[in-house]
Amino acid sequence: MATRKAAAAAPETDGALLVTQVRSAIGTKPKHRGTLRALGLRKLGQSNVVPDRQEIRGMLARVPHLVSVEPAPASARADLASGRVRRSDSHGVSEEGSS
């Protein structure tokens, strides 16, 4: 009888993940830097709410040593569902806009 591998280490949510860059991209491979940019992360301590989809999980699997992943708060999930982008940096300042 075949067994399935356990689900990814990232937490299960209703459709949104809060991704925070916790380590610098200096000295990393160009593909890792590109993955961080695609996740919407530009600088250390910046956070972004991303949808919990398989493509995003694959991107997170490429850079687990550079980011921290946790379930997104309910308000951030609502913003993501309505199409509004929500990002914050280490100073707690939020940028909101439409995508």
# chains A, B, ... in the order shown; residues from 1 in each chain; ligands from 1

$ residues_around --residues "segment 34-37 of chain A" --least-positions-apart "5" --cutoff "9 Å" --atoms "only C-alpha atoms" --output "NGL selection string"
:A and (21 or 25 or 29 or 42 or 59-60 or 62-63 or 66-67)

$ write_last_selection --atoms "N, CA and C atoms" --output "compact mmCIF listing (two decimals), in the first residue's frame"
# COMPACT_ATOMS: atom_id res chain seq x y z
N GLN A 21 9.87 38.32 4.15
CA GLN A 21 11.28 38.06 3.85
C GLN A 21 12.06 38.23 5.14
N ALA A 25 18.68 38.68 0.24
CA ALA A 25 18.89 37.98 -1.02
C ALA A 25 20.29 38.20 -1.57
N LYS A 29 21.33 32.86 -5.45
CA LYS A 29 21.28 32.61 -6.89
C LYS A 29 20.28 33.57 -7.54
N ARG A 42 10.73 42.85 -1.78
CA ARG A 42 11.86 43.60 -2.28
C ARG A 42 12.95 43.80 -1.23
N MET A 59 6.86 28.19 -5.43
CA MET A 59 7.79 29.31 -5.29
C MET A 59 8.34 29.36 -3.87
N LEU A 60 7.47 29.13 -2.90
CA LEU A 60 7.91 29.14 -1.50
C LEU A 60 8.86 27.98 -1.21
N ARG A 62 11.06 26.93 -3.19
CA ARG A 62 12.36 27.27 -3.76
C ARG A 62 13.18 28.14 -2.81
N VAL A 63 12.51 28.97 -1.98
CA VAL A 63 13.23 29.91 -1.12
C VAL A 63 12.82 29.80 0.36
N LEU A 66 14.78 31.90 2.97
CA LEU A 66 14.75 33.36 2.89
C LEU A 66 13.44 33.95 3.39
N VAL A 67 12.40 33.14 3.53
CA VAL A 67 11.08 33.67 3.88
C VAL A 67 10.47 32.92 5.06

$ residues_around --residues "Arg23 of chain A" --least-positions-apart "4" --cutoff "12 Å" --atoms "only C-alpha atoms" --output "JSON, numbers by chain"
{"A": [27, 28, 32, 33, 36, 41, 42, 43, 44, 45, 46, 63, 64, 65, 66, 67, 68]}

$ atom_distance --atom1 "atom CA of Thr20 of chain A" --atom2 "atom CA of Asn48 of chain A"
6.5 Å

$ atom_distance --atom1 "atom CA of Ser82 of chain A" --atom2 "atom CA of Val49 of chain A"
12.7 Å

$ closest_residue --among "A:Leu39, A:Val50, A:Ala61, A:Val22" --to "Ala78 of chain A" --atoms "only C-alpha atoms"
A:Val50

$ residues_around --residues "Val69 of chain A" --least-positions-apart "6" --cutoff "7 Å" --atoms "only C-alpha atoms" --output "VMD selection string"
chain A and resid 10 17 to 20

$ atom_distance --atom1 "atom CA of Asp52 of chain A" --atom2 "atom CA of Pro71 of chain A"
9.3 Å

$ select_by_dssp --residues "segment 16-96 of chain A" --states "helix (DSSP H, G or I)" --output "ChimeraX atom specification"
/A:30-38,54-62,74-81

$ write_last_selection --atoms "N, CA and C atoms" --output "compact mmCIF listing (two decimals), in the first residue's frame"
# COMPACT_ATOMS: atom_id res chain seq x y z
N PRO A 30 20.51 33.92 -8.80
CA PRO A 30 19.59 34.81 -9.50
C PRO A 30 18.15 34.29 -9.54
N LYS A 31 17.96 32.99 -9.63
CA LYS A 31 16.60 32.42 -9.63
C LYS A 31 15.92 32.66 -8.29
N HIS A 32 16.67 32.61 -7.20
CA HIS A 32 16.10 32.86 -5.88
C HIS A 32 15.68 34.32 -5.76
N ARG A 33 16.52 35.23 -6.25
CA ARG A 33 16.17 36.65 -6.21
C ARG A 33 14.93 36.92 -7.06
N GLY A 34 14.86 36.28 -8.21
CA GLY A 34 13.68 36.45 -9.07
C GLY A 34 12.42 35.91 -8.42
N THR A 35 12.54 34.82 -7.70
CA THR A 35 11.39 34.24 -7.01
C THR A 35 10.90 35.19 -5.93
N LEU A 36 11.82 35.81 -5.19
CA LEU A 36 11.42 36.77 -4.16
C LEU A 36 10.68 37.94 -4.79
N ARG A 37 11.18 38.44 -5.91
CA ARG A 37 10.53 39.55 -6.60
C ARG A 37 9.13 39.14 -7.07
N ALA A 38 9.00 37.92 -7.58
CA ALA A 38 7.71 37.44 -8.05
C ALA A 38 6.71 37.28 -6.89
N GLN A 54 -1.06 26.29 -5.75
CA GLN A 54 0.04 25.36 -5.94
C GLN A 54 1.28 26.05 -6.53
N GLU A 55 1.08 27.03 -7.43
CA GLU A 55 2.23 27.73 -8.02
C GLU A 55 2.98 28.51 -6.95
N ILE A 56 2.23 29.14 -6.06
CA ILE A 56 2.84 29.91 -4.98
C ILE A 56 3.57 28.98 -4.02
N ARG A 57 2.97 27.83 -3.72
CA ARG A 57 3.63 26.86 -2.84
C ARG A 57 4.96 26.40 -3.43
N GLY A 58 5.00 26.22 -4.76
CA GLY A 58 6.24 25.85 -5.43
C GLY A 58 7.29 26.93 -5.32
N MET A 59 6.86 28.19 -5.43
CA MET A 59 7.79 29.31 -5.29
C MET A 59 8.34 29.36 -3.87
N LEU A 60 7.47 29.13 -2.90
CA LEU A 60 7.91 29.14 -1.50
C LEU A 60 8.86 27.98 -1.21
N ALA A 61 8.67 26.87 -1.89
CA ALA A 61 9.55 25.72 -1.70
C ALA A 61 10.95 26.00 -2.24
N ARG A 62 11.06 26.93 -3.19
CA ARG A 62 12.36 27.27 -3.76
C ARG A 62 13.18 28.14 -2.81
N ALA A 74 -7.65 37.54 8.63
CA ALA A 74 -8.93 37.57 7.90
C ALA A 74 -9.08 38.85 7.07
N SER A 75 -8.65 39.98 7.60
CA SER A 75 -8.77 41.23 6.85
C SER A 75 -7.93 41.21 5.58
N ALA A 76 -6.76 40.61 5.65
CA ALA A 76 -5.89 40.52 4.47
C ALA A 76 -6.48 39.56 3.44
N ARG A 77 -7.12 38.48 3.90
CA ARG A 77 -7.78 37.55 2.98
C ARG A 77 -8.91 38.25 2.24
N ALA A 78 -9.65 39.11 2.95
CA ALA A 78 -10.76 39.84 2.31
C ALA A 78 -10.21 40.81 1.27
N ASP A 79 -9.09 41.48 1.57
CA ASP A 79 -8.47 42.39 0.61
C ASP A 79 -8.01 41.63 -0.63
N LEU A 80 -7.45 40.46 -0.43
CA LEU A 80 -6.96 39.66 -1.55
C LEU A 80 -8.14 39.20 -2.41
N ALA A 81 -9.22 38.82 -1.77
CA ALA A 81 -10.40 38.37 -2.52
C ALA A 81 -11.03 39.50 -3.33

$ select_by_dssp --residues "segment 10-68 of chain A" --states "strand (DSSP E or B)" --output "list in words"
Ala16, Leu17, Leu18, Val19, Thr20, Gln21, Ser47, Asn48, Val49, Val50, Pro51, Val67 and Ser68 of chain A

$ write_last_selection --atoms "C-alpha atoms" --output "short mmCIF file (atom, residue, chain, number, x, y, z; two decimals), in the first residue's frame"
data_model
loop_
_atom_site.label_atom_id
_atom_site.label_comp_id
_atom_site.auth_asym_id
_atom_site.auth_seq_id
_atom_site.Cartn_x
_atom_site.Cartn_y
_atom_site.Cartn_z
CA ALA A 16 -4.17 33.34 1.60
CA LEU A 17 -0.67 33.25 3.04
CA LEU A 18 1.35 36.01 4.67
CA VAL A 19 4.90 35.76 3.34
CA THR A 20 7.68 37.76 5.04
CA GLN A 21 11.28 38.06 3.85
CA SER A 47 5.52 41.15 3.97
CA ASN A 48 3.02 40.34 1.27
CA VAL A 49 -0.28 38.47 1.21
CA VAL A 50 -0.37 35.93 -1.61
CA PRO A 51 -3.07 33.43 -2.64
CA VAL A 67 11.08 33.67 3.88
CA SER A 68 8.68 32.93 6.70
#

$ decode --residues "segment 40-93 of chain A" --atoms "C-alpha atoms" --output "compact mmCIF listing (two decimals), in the first residue's frame"
# COMPACT_ATOMS: atom_id res chain seq x y z
CA GLY A 40 6.28 40.74 -4.15
CA LEU A 41 9.20 40.97 -1.72
CA ARG A 42 11.86 43.60 -2.28
CA LYS A 43 13.56 44.21 1.04
CA LEU A 44 14.26 42.53 4.35
CA GLY A 45 11.27 42.49 6.71
CA GLN A 46 8.72 43.21 3.99
CA SER A 47 5.52 41.15 3.97
CA ASN A 48 3.02 40.34 1.27
CA VAL A 49 -0.28 38.47 1.21
CA VAL A 50 -0.37 35.93 -1.61
CA PRO A 51 -3.07 33.43 -2.64
CA ASP A 52 -2.61 29.88 -1.40
CA ARG A 53 -2.20 28.13 -4.76
CA GLN A 54 0.04 25.36 -5.94
CA GLU A 55 2.23 27.73 -8.02
CA ILE A 56 2.84 29.91 -4.98
CA ARG A 57 3.63 26.86 -2.84
CA GLY A 58 6.24 25.85 -5.43
CA MET A 59 7.79 29.31 -5.29
CA LEU A 60 7.91 29.14 -1.50
CA ALA A 61 9.55 25.72 -1.70
CA ARG A 62 12.36 27.27 -3.76
CA VAL A 63 13.23 29.91 -1.12
CA PRO A 64 12.29 28.50 2.31
CA HIS A 65 15.57 29.73 3.81
CA LEU A 66 14.75 33.36 2.89
CA VAL A 67 11.08 33.67 3.88
CA SER A 68 8.68 32.93 6.70
CA VAL A 69 5.14 31.77 5.89
CA GLU A 70 2.06 32.02 8.10
CA PRO A 71 -1.71 32.14 7.58
CA ALA A 72 -2.95 35.54 6.49
CA PRO A 73 -5.25 37.47 8.85
CA ALA A 74 -8.93 37.57 7.90
CA SER A 75 -8.77 41.23 6.85
CA ALA A 76 -5.89 40.52 4.47
CA ARG A 77 -7.78 37.55 2.98
CA ALA A 78 -10.76 39.84 2.31
CA ASP A 79 -8.47 42.39 0.61
CA LEU A 80 -6.96 39.66 -1.55
CA ALA A 81 -10.40 38.37 -2.52
CA SER A 82 -11.53 41.86 -3.53
CA GLY A 83 -8.44 42.33 -5.71
CA ARG A 84 -6.71 44.88 -3.49
CA VAL A 85 -2.99 44.39 -2.94
CA ARG A 86 -1.70 44.65 0.60
CA ARG A 87 1.99 44.87 1.43
CA SER A 88 3.80 46.06 4.51
CA ASP A 89 7.41 46.65 5.39
CA SER A 90 9.27 46.22 8.66
CA HIS A 91 8.10 49.64 9.87
CA GLY A 92 4.45 48.65 9.84
CA VAL A 93 3.54 50.98 6.98
